[in-house]
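What follows is a single structure, written as structure tokens, with notes after it.
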Amino acid sequence: MAKSDVKRGIKYEKEKAKAHRAEHVGGPGREDYRRGEITGEVKSRKNPITKPELQKLFNKGIDEVESKTGFTEPAIKYKKRYHPEKKLFKKGKKVA
């Protein structure tokens, strides 16, 4: 990954944290934003989030996931069945 890609990703994380009225946290192994007890992860990439990736995020304690490219259908079904309290967003709009 090029250095400019990393900077672009961090900039996107900060924008989304602000859009969710949250504080940007970031850093390796940490959530991307926090709003009180709610933690969020931001993904800015070319492929949608898959079910195994979503499972890892939820097991890590993430409450909201924002993805620029969205989520696969199995990931959305998993969230609906096992974690209806969690929130998914695609480009700022709620999914599922």
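The way I read the labels, and the way they are meant: chains A, B, ... in the order of the structure tokens, residue 1 as the first residue of every chain, and ligand 1 as the first ligand shown, with later ones counted on from there.
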Residues near Arg21 of chain A, cut-off 12 Å, only C-alpha atoms, skip fewer than 2 positions along chain, as a list in words: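 Contacts, in chain order: Lys14, Glu15, Lys16, Ala17, Lys18, Ala19, Glu23, His24, Tyr33, Arg34, Arg35, Gly36, Ile38, Thr39 and Gly40 of chain A.
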For Pro74 of chain A: contacts at 10 Å, only C-alpha atoms, fewer than 6 positions along chain excluded, given as a tab-separated table (two decimals) with C-alpha atoms, in the first residue's frame:
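Written out: around.tsv:
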```
chain	number	residue	atom	x	y	z
A	49	ILE	CA	-16.86	-6.48	3.52
A	50	THR	CA	-17.32	-10.25	3.69
A	51	LYS	CA	-19.02	-12.30	6.39
A	52	PRO	CA	-15.74	-13.56	7.98
A	54	LEU	CA	-17.62	-8.77	9.73
A	80	LYS	CA	-29.49	-9.50	10.72
```
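If only C-alpha atoms are the atoms counted, then among A:Lys60, A:His20, A:Lys68, A:Lys43 the closest residue to Lys91 of chain A is A:Lys68.
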Counting only C-alpha atoms, the residue of A:Lys56, A:Lys7, A:Lys79, A:Lys46 that sits nearest Val95 of chain A: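 Distance minimum relative to Val95 of chain A lands on A:Lys79.
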Å distance separating atom CA of Gly61 of chain A from atom CA of Lys11 of chain A, one decimal place: 23.0 Å
Within 12 Å of Asn47 of chain A using only C-alpha atoms, minus same-chain residues under 3 positions, as number ranges by chain: A: 43-44, 50, 53, 67-72
Which of chain A fall in helix (DSSP H, G or I), as JSON, numbers by chain: {"A": [3, 4, 5, 6, 7, 8, 9, 10, 11, 12, 13, 14, 15, 16, 17, 18, 19, 51, 52, 53, 54, 55, 56, 57, 58, 59, 73, 74, 75, 76, 77, 78, 79, 80, 81, 82]}
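For the pair atom CA of Ala96 of chain A and atom CA of Ile76 of chain A, the separation is 6.7 Å.
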DSSP strand (DSSP E or B) residues within segment 39-90 of chain A, listed as a list in words: Thr39, Gly40, Glu41, Val42, Lys43, Ile49, Glu64, Val65, Glu66, Ser67, Phe71, Lys87, Leu88, Phe89 and Lys90 of chain A
Output file for the residues above (N, CA and C atoms, as a PDB file, in the first residue's frame):
```pdb
ATOM      1  N   THR A  39     -18.491   2.002  19.486  1.00  0.00           N
ATOM      2  CA  THR A  39     -17.242   1.996  18.726  1.00  0.00           C
ATOM      3  C   THR A  39     -17.550   1.708  17.262  1.00  0.00           C
ATOM      4  N   GLY A  40     -16.771   2.314  16.384  1.00  0.00           N
ATOM      5  CA  GLY A  40     -17.011   2.147  14.954  1.00  0.00           C
ATOM      6  C   GLY A  40     -15.741   1.880  14.178  1.00  0.00           C
ATOM      7  N   GLU A  41     -15.894   1.171  13.084  1.00  0.00           N
ATOM      8  CA  GLU A  41     -14.790   0.843  12.183  1.00  0.00           C
ATOM      9  C   GLU A  41     -15.141   1.373  10.800  1.00  0.00           C
ATOM     10  N   VAL A  42     -14.165   1.953  10.113  1.00  0.00           N
ATOM     11  CA  VAL A  42     -14.362   2.514   8.779  1.00  0.00           C
ATOM     12  C   VAL A  42     -13.489   1.743   7.797  1.00  0.00           C
ATOM     13  N   LYS A  43     -14.084   1.293   6.699  1.00  0.00           N
ATOM     14  CA  LYS A  43     -13.344   0.565   5.669  1.00  0.00           C
ATOM     15  C   LYS A  43     -13.475   1.311   4.346  1.00  0.00           C
ATOM     16  N   ILE A  49     -17.209  -5.736   2.306  1.00  0.00           N
ATOM     17  CA  ILE A  49     -16.864  -6.475   3.518  1.00  0.00           C
ATOM     18  C   ILE A  49     -17.541  -7.839   3.447  1.00  0.00           C
ATOM     19  N   GLU A  64     -20.486  -0.428  15.112  1.00  0.00           N
ATOM     20  CA  GLU A  64     -20.899   0.125  13.820  1.00  0.00           C
ATOM     21  C   GLU A  64     -19.772  -0.067  12.811  1.00  0.00           C
ATOM     22  N   VAL A  65     -20.160  -0.415  11.571  1.00  0.00           N
ATOM     23  CA  VAL A  65     -19.168  -0.568  10.507  1.00  0.00           C
ATOM     24  C   VAL A  65     -19.604   0.286   9.327  1.00  0.00           C
ATOM     25  N   GLU A  66     -18.720   1.162   8.898  1.00  0.00           N
ATOM     26  CA  GLU A  66     -18.947   2.040   7.746  1.00  0.00           C
ATOM     27  C   GLU A  66     -18.054   1.548   6.619  1.00  0.00           C
ATOM     28  N   SER A  67     -18.641   1.231   5.462  1.00  0.00           N
ATOM     29  CA  SER A  67     -17.870   0.732   4.328  1.00  0.00           C
ATOM     30  C   SER A  67     -18.177   1.551   3.083  1.00  0.00           C
ATOM     31  N   PHE A  71     -21.307  -4.262   1.673  1.00  0.00           N
ATOM     32  CA  PHE A  71     -21.170  -5.561   2.328  1.00  0.00           C
ATOM     33  C   PHE A  71     -21.700  -6.653   1.413  1.00  0.00           C
ATOM     34  N   LYS A  87     -24.876  -1.871  13.722  1.00  0.00           N
ATOM     35  CA  LYS A  87     -25.280  -1.067  12.563  1.00  0.00           C
ATOM     36  C   LYS A  87     -24.242  -1.149  11.459  1.00  0.00           C
ATOM     37  N   LEU A  88     -24.737  -1.214  10.225  1.00  0.00           N
ATOM     38  CA  LEU A  88     -23.888  -1.199   9.039  1.00  0.00           C
ATOM     39  C   LEU A  88     -24.243   0.019   8.196  1.00  0.00           C
ATOM     40  N   PHE A  89     -23.215   0.679   7.644  1.00  0.00           N
ATOM     41  CA  PHE A  89     -23.416   1.849   6.802  1.00  0.00           C
ATOM     42  C   PHE A  89     -22.619   1.716   5.528  1.00  0.00           C
ATOM     43  N   LYS A  90     -23.225   2.117   4.422  1.00  0.00           N
ATOM     44  CA  LYS A  90     -22.527   2.197   3.154  1.00  0.00           C
ATOM     45  C   LYS A  90     -22.596   3.638   2.699  1.00  0.00           C
TER      46      LYS A  90
END
```
